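One file, model_4.txt, is given below (compact mmCIF, C-alpha atoms).
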# COMPACT_ATOMS: atom_id res chain seq x y z
CA MET A 1 221.44 136.45 189.88
CA ARG A 2 224.13 137.02 187.21
CA ARG A 3 223.32 138.32 183.73
CA GLU A 4 224.67 135.12 182.21
CA THR A 5 222.09 133.10 184.16
CA THR A 6 219.13 135.26 183.15
CA ASN A 7 220.32 135.12 179.53
CA ARG A 8 219.96 131.34 179.59
CA ILE A 9 216.45 131.69 180.98
CA ARG A 10 215.63 134.30 178.36
CA PHE A 11 216.81 131.98 175.60
CA VAL A 12 214.21 129.41 176.61
CA ILE A 13 211.39 131.93 177.14
CA GLU A 14 212.06 134.18 174.15
CA ASP A 15 213.49 131.84 171.51
CA ILE A 16 212.05 128.41 172.25
CA LEU A 17 208.52 129.18 173.44
CA PRO A 18 206.33 130.18 170.46
CA PRO A 19 204.56 133.57 170.63
CA ILE A 20 201.15 131.91 170.93
CA LEU A 21 202.27 130.49 174.29
CA ARG A 22 204.20 133.58 175.43
CA ASP A 23 201.09 135.75 175.07
CA SER A 24 198.69 133.21 176.54
CA LYS A 25 196.84 133.25 179.86
CA LEU A 26 198.63 129.99 180.67
CA PHE A 27 202.01 131.73 180.53
CA LEU A 28 200.63 134.59 182.62
CA TRP A 29 199.37 132.12 185.22
CA LEU A 30 202.73 130.35 185.41
CA ALA A 31 204.63 133.65 185.52
CA GLU A 32 202.44 134.92 188.36
CA LEU A 33 203.16 131.75 190.32
CA ALA A 34 206.83 132.75 190.17
CA TRP A 35 206.56 136.55 190.49
CA GLY A 36 203.04 137.32 191.66
CA LYS A 37 200.72 140.02 190.32
CA HIS A 38 203.69 142.19 189.35
CA ILE A 39 203.64 140.44 185.94
CA SER A 40 200.15 141.82 185.26
CA ASP A 41 201.24 145.24 186.52
CA LEU A 42 204.15 145.22 184.03
CA ALA A 43 201.83 144.36 181.13
CA GLU A 44 199.50 147.21 182.08
CA PHE A 45 202.49 149.52 182.53
CA ARG A 46 203.62 148.94 178.92
CA ALA A 47 200.09 149.20 177.54
CA ARG A 48 199.64 152.60 179.23
CA ALA A 49 203.11 153.88 178.28
CA PRO A 50 201.99 156.96 176.30
CA PHE A 51 199.76 158.10 179.16
CA LEU A 52 201.94 157.45 182.21
CA THR A 53 202.65 160.22 184.68
CA GLU A 54 206.10 160.63 186.19
CA GLU A 55 204.66 159.45 189.51
CA ALA A 56 203.30 156.22 187.99
CA TYR A 57 206.61 155.59 186.25
CA ALA A 58 208.62 156.07 189.44
CA ASP A 59 206.17 153.97 191.49
CA LEU A 60 206.53 150.98 189.16
CA TYR A 61 210.32 151.10 189.43
CA ARG A 62 210.19 151.37 193.21
CA LYS A 63 208.15 148.15 193.31
CA HIS A 64 210.15 146.31 190.65
CA PRO A 65 212.43 143.67 192.25
CA ARG A 66 216.12 143.77 191.40
CA VAL A 67 216.97 140.69 189.34
CA HIS A 68 220.71 141.14 188.89
CA ALA A 69 223.15 141.56 191.74
CA GLY A 70 225.26 144.69 191.22
CA THR A 71 224.92 145.18 187.47
CA ASP A 72 222.69 144.28 184.52
CA ASN A 73 225.79 143.80 182.35
CA SER A 74 227.34 140.46 181.52
CA GLU A 75 231.04 139.97 182.20
CA ALA A 76 231.70 139.96 178.44
CA CYS A 77 229.99 143.34 178.04
CA ILE A 78 231.86 144.82 180.99
CA ARG A 79 235.21 143.74 179.53
CA ARG A 80 234.35 145.26 176.16
CA ILE A 81 233.20 148.54 177.71
CA VAL A 82 236.35 148.81 179.86
CA GLN A 83 238.47 148.16 176.78
CA GLU A 84 236.76 150.85 174.70
CA VAL A 85 236.82 153.77 177.17
CA LYS A 86 238.48 156.73 175.49
CA GLY A 87 239.90 159.89 177.06
CA ASN A 88 240.18 161.11 180.65
CA SER A 89 236.56 161.82 181.63
CA ILE A 90 233.62 159.40 181.62
CA CYS A 91 229.93 159.57 182.41
CA ASP A 92 227.76 156.50 183.04
CA ILE A 93 224.10 157.33 182.40
CA GLY A 94 221.87 154.98 184.40
CA CYS A 95 224.75 154.03 186.68
CA GLY A 96 222.63 152.04 189.14
CA THR A 97 224.82 150.65 191.90
CA GLY A 98 227.99 152.04 190.33
CA ALA A 99 229.37 148.55 189.68
CA LEU A 100 230.38 149.36 186.09
CA LEU A 101 232.09 152.59 187.13
CA THR A 102 234.05 150.66 189.74
CA ARG A 103 235.35 148.24 187.12
CA ILE A 104 236.27 151.06 184.75
CA CYS A 105 238.15 152.95 187.47
CA GLN A 106 240.12 149.83 188.37
CA SER A 107 241.38 149.53 184.79
CA HIS A 108 241.77 153.27 184.14
CA PRO A 109 243.31 154.78 187.30
CA ASN A 110 244.32 157.99 185.50
CA LEU A 111 240.80 159.20 184.80
CA THR A 112 240.39 162.82 185.86
CA ARG A 113 236.59 162.84 186.10
CA VAL A 114 234.16 160.00 186.77
CA THR A 115 230.44 160.80 186.86
CA GLY A 116 227.41 158.60 187.42
CA VAL A 117 223.86 159.67 186.58
CA ASP A 118 220.57 158.03 187.52
CA PHE A 119 217.11 159.23 188.44
CA VAL A 120 217.68 157.54 191.81
CA ILE A 121 221.26 157.54 193.13
CA ASP A 122 220.83 156.02 196.60
CA ASP A 123 222.57 152.76 195.60
CA ALA A 124 225.70 154.42 194.28
CA ALA A 125 226.12 157.38 196.59
CA ALA A 126 228.61 155.65 198.92
CA LEU A 127 231.27 154.91 196.27
CA PRO A 128 234.37 157.11 196.66
CA GLY A 129 235.90 159.12 193.84
CA VAL A 130 232.71 159.31 191.79
CA GLU A 131 230.50 162.35 191.22
CA TYR A 132 226.82 161.33 191.36
CA ILE A 133 224.02 163.38 189.85
CA ALA A 134 220.29 162.67 189.93
CA ALA A 135 218.82 163.44 186.50
CA LYS A 136 216.71 162.04 183.69
CA ILE A 137 218.40 160.88 180.51
CA GLU A 138 216.03 162.94 178.35
CA LYS A 139 217.44 166.17 179.82
CA LEU A 140 220.99 165.88 181.11
CA PRO A 141 222.48 168.80 183.11
CA PHE A 142 225.75 168.99 181.14
CA VAL A 143 227.15 171.21 178.41
CA ASP A 144 227.89 169.95 174.92
CA GLY A 145 230.93 167.65 174.78
CA GLU A 146 231.49 167.68 178.53
CA PHE A 147 232.78 164.08 178.74
CA ASP A 148 235.25 162.16 176.59
CA THR A 149 233.30 158.89 176.87
CA VAL A 150 229.59 158.59 177.63
CA ILE A 151 228.27 155.13 178.57
CA CYS A 152 224.65 154.03 178.79
CA THR A 153 223.83 150.38 179.47
CA HIS A 154 220.38 148.82 179.82
CA VAL A 155 218.57 152.16 179.87
CA ILE A 156 217.33 152.94 176.35
CA GLU A 157 214.85 150.05 176.46
CA HIS A 158 213.19 151.72 179.47
CA VAL A 159 212.78 155.19 177.97
CA LEU A 160 209.63 156.16 176.08
CA GLU A 161 211.31 159.15 174.37
CA TYR A 162 214.36 157.09 173.45
CA GLN A 163 215.38 159.20 170.43
CA ARG A 164 215.54 162.27 172.64
CA ALA A 165 217.64 160.27 175.12
CA ILE A 166 220.05 159.15 172.39
CA ALA A 167 220.40 162.74 171.20
CA GLU A 168 221.37 163.77 174.74
CA LEU A 169 224.03 161.04 174.96
CA ARG A 170 225.53 162.24 171.70
CA ARG A 171 225.35 165.88 172.75
CA ILE A 172 227.42 165.52 175.92
CA ALA A 173 230.03 163.12 174.42
CA ARG A 174 233.24 164.63 173.09
CA LYS A 175 234.91 161.47 171.75
CA ARG A 176 232.85 158.30 172.19
CA VAL A 177 229.39 156.98 172.99
CA ILE A 178 228.88 153.39 174.20
CA ILE A 179 225.37 151.92 174.50
CA VAL A 180 224.26 148.42 175.51
CA VAL A 181 220.68 147.17 175.17
CA PRO A 182 219.21 143.68 175.48
CA ARG A 183 218.62 141.78 172.24
CA GLU A 184 215.00 140.99 172.96
CA ARG A 185 211.62 140.32 171.35
CA GLU A 186 208.45 141.97 172.61
CA SER A 187 205.77 139.85 174.26
CA LEU A 188 202.54 140.63 176.05
CA TYR A 189 203.80 139.28 179.37
CA SER A 190 207.40 139.67 180.52
CA PHE A 191 209.52 140.06 183.63
CA ASN A 192 210.81 143.55 182.92
CA PRO A 193 209.44 147.10 182.47
CA HIS A 194 210.82 147.63 178.95
CA PHE A 195 209.15 149.90 176.40
CA ASN A 196 211.53 149.34 173.47
CA PHE A 197 212.63 146.03 171.98
CA PHE A 198 215.52 145.28 169.63
CA PRO A 199 215.58 141.65 168.41
CA TYR A 200 218.47 142.25 165.96
CA THR A 201 221.46 144.58 165.67
CA HIS A 202 219.87 146.26 162.64
CA SER A 203 216.76 146.92 164.78
CA PHE A 204 218.91 149.03 167.08
CA LEU A 205 220.68 150.75 164.20
CA ARG A 206 217.30 152.07 163.08
CA ALA A 207 216.88 153.59 166.54
CA MET A 208 220.32 155.23 166.21
CA HIS A 209 219.54 156.90 162.88
CA PRO A 210 221.43 158.83 161.58
CA VAL A 211 224.33 156.44 162.17
CA PRO A 212 227.75 158.15 161.92
CA PRO A 213 230.54 156.80 159.67
CA ARG A 214 232.58 155.43 162.58
CA TYR A 215 230.49 152.98 164.56
CA THR A 216 230.39 149.39 165.83
CA CYS A 217 227.23 147.36 166.45
CA VAL A 218 227.63 143.72 167.46
CA ASP A 219 225.96 141.00 169.51
CA ILE A 220 227.58 140.10 172.82
CA GLY A 221 225.65 137.15 174.15
CA ARG A 222 222.01 138.28 174.29
CA ASP A 223 222.95 141.96 174.34
CA ILE A 224 223.67 144.50 171.60
CA PHE A 225 226.90 146.50 172.02
CA TYR A 226 226.90 149.79 170.12
CA MET A 227 229.78 152.29 169.97
CA GLU A 228 230.27 155.42 167.92
CA ASP A 229 233.10 157.94 167.72
CA ARG A 230 232.07 161.57 168.01
CA GLY A 231 235.51 163.14 167.44
CA ASN A 232 239.26 162.65 167.94
Produce structure tokens that represent the structure in this file.
Amino acid sequence: MRRETTNRIRFVIEDILPPILRDSKLFLWLAELAWGKHISDLAEFRARAPFLTEEAYADLYRKHPRVHAGTDNSEACIRRIVQEVKGNSICDIGCGTGALLTRICQSHPNLTRVTGVDFVIDDAAALPGVEYIAAKIEKLPFVDGEFDTVICTHVIEHVLEYQRAIAELRRIARKRVIIVVPRERESLYSFNPHFNFFPYTHSFLRAMHPVPPRYTCVDIGRDIFYMEDRGN
């Protein structure tokens, strides 16, 4: 399924259905008809977030079905990211299948270093010309300012220690940081394992505090596109 399709579904579920229905047992029953008991598992997963072990976290993600084919990014977000890449080295944190890196490389053939990071890299390992590293976003194995552009899309909403993760993205970026998160409201029952929810652009700016002088934060469809410059 494409991101654009799920965004239309999300509009109905998140913006049209009132919260009293979204959090009801009726919604849970209907959701479980579509996705089975995994909906209840996701609700319990979020409720237990502060107490989860690494094993429980990894187990949930192993069981979670992939909704989007290739990438969680919409075409509009991909085009904006490709346009805003700065410098000769890039790192995509939470690279998934490597689909975004492929698009970037097609438009920037002169890149000297292309790196993808995820805590599981099996999906991306076959792509040529890309260095893949298995690591967690909260503790990245790179020196300060190692990459010109650091990209992180649809990851921050999954990370309990998201401020630590954001600090790591900033630490390893020499020139630019690009982050994309879903513009989303929290509900008791949902179809994703998100911990953090940002219904407005200013909600995400609070998460990015302190915000540097040179930044962009805009809506692209049902996603929030954030970019900051770290240096020249």
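These residues, each with an atom at most 7 Å from (234.2, 162.3, 170.8) using all atoms listed in the file, are Asp148, Ala173, Arg174, Lys175, Arg176, Asp229, Arg230, Gly231 and Asn232 of chain A.
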Residue nearest Arg183 in chain A among A:Arg222, A:Lys25, A:His209, A:Arg66 (counting all atoms listed in the file): A:Arg222
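The neighbours of Lys37 in chain A here are the residues that come within 12 Å of it, using only C-alpha atoms and leaving out any residue fewer than 5 positions away in the same chain; they are A:Leu28, A:Trp29, A:Leu30, A:Ala31, A:Glu32, A:Leu42, A:Ala43, A:Glu44, A:Lys63, A:His64, A:Tyr189, A:Ser190, A:Phe191.
Between Gly116 in chain A and the residues A:Ser187, A:Asn7, A:Thr53, A:Ser89, the shortest atom-to-atom distance, using all atoms listed in the file, involves A:Ser89.
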Residues within 9 Å of (227.8, 136.7, 182.3), counting all atoms listed in the file, listed as a list in words: Arg2, Arg3, Glu4, Thr5, Thr6, Asn7, Asn73, Ser74, Glu75, Ala76, Cys77 and Gly221 of chain A
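With all atoms listed in the file as the basis for measurement, A:Ile178 is the residue among A:His108, A:Ile156, A:Asp23, A:Ile178 that approaches Tyr215 in chain A most closely.
Shell of Phe195 in chain A at 9 Å, with all atoms listed in the file counted and residues fewer than 4 places along the chain excluded, is Arg46, Ala49, Ile156, Glu157, His158, Val159, Leu160 and Glu186 of chain A.
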Separation of CA of His154 in chain A from CA of Leu26 in chain A, in Å and rounded to one decimal: 28.8 Å
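Straight-line separation from CA of Arg206 in chain A to CA of Ile93 in chain A: 21.1 Å.
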Counting all atoms listed in the file, the option among A:Ala58, A:Ala135, A:Leu205, A:Cys152 closest to Asp72 in chain A: A:Cys152
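Residue neighbourhood of Glu161 in chain A, excluding near-sequence residues (fewer than 3 positions): Glu138, Arg164 and Ala165 of chain A, at 8 Å, using all atoms listed in the file.
When CA of Phe11 in chain A is paired with CA of Ile151 in chain A, their separation reads 26.0 Å.
Between Cys217 in chain A and the candidates A:Val181, A:Leu60, A:Asn88, A:Leu188, the tightest atom-to-atom separation, counting all atoms listed in the file, involves A:Val181.
Of the residues listed (A:Ile13, A:Thr153, A:Phe119, A:Ala56), A:Thr153 shows the shortest atom-to-atom separation from Ile78 in chain A; distances use only C-alpha atoms.
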Contacts of Leu101 in chain A within 8 Å, only C-alpha atoms, excl. fewer than 6 positions in-chain, as a ChimeraX atom specification: /A:92,95,114,116
What would the file look like if the residues just selected were written as a PDB file, in the coordinates of the input with C-alpha atoms?
ATOM      1  CA  ASP A  92     227.760 156.500 183.040  1.00  0.00           C
ATOM      2  CA  CYS A  95     224.750 154.030 186.680  1.00  0.00           C
ATOM      3  CA  VAL A 114     234.160 160.000 186.770  1.00  0.00           C
ATOM      4  CA  GLY A 116     227.410 158.600 187.420  1.00  0.00           C
TER       5      GLY A 116
END
Around all the atoms of range 126-135 of chain A listed in the file, with 5 Å of room on each side, what axis-aligned box do you get, giving centre and edge lengths in Å to one decimal, as lines of an AutoDock Vina configuration file?
center_x = 227.4
center_y = 159.2
center_z = 192.7
size_x = 27.1
size_y = 18.5
size_z = 22.4
Within 10 Å of Ala207 in chain A using only C-alpha atoms, minus same-chain residues under 6 positions, as a ChimeraX atom specification: /A:156,162-163,166,196,198
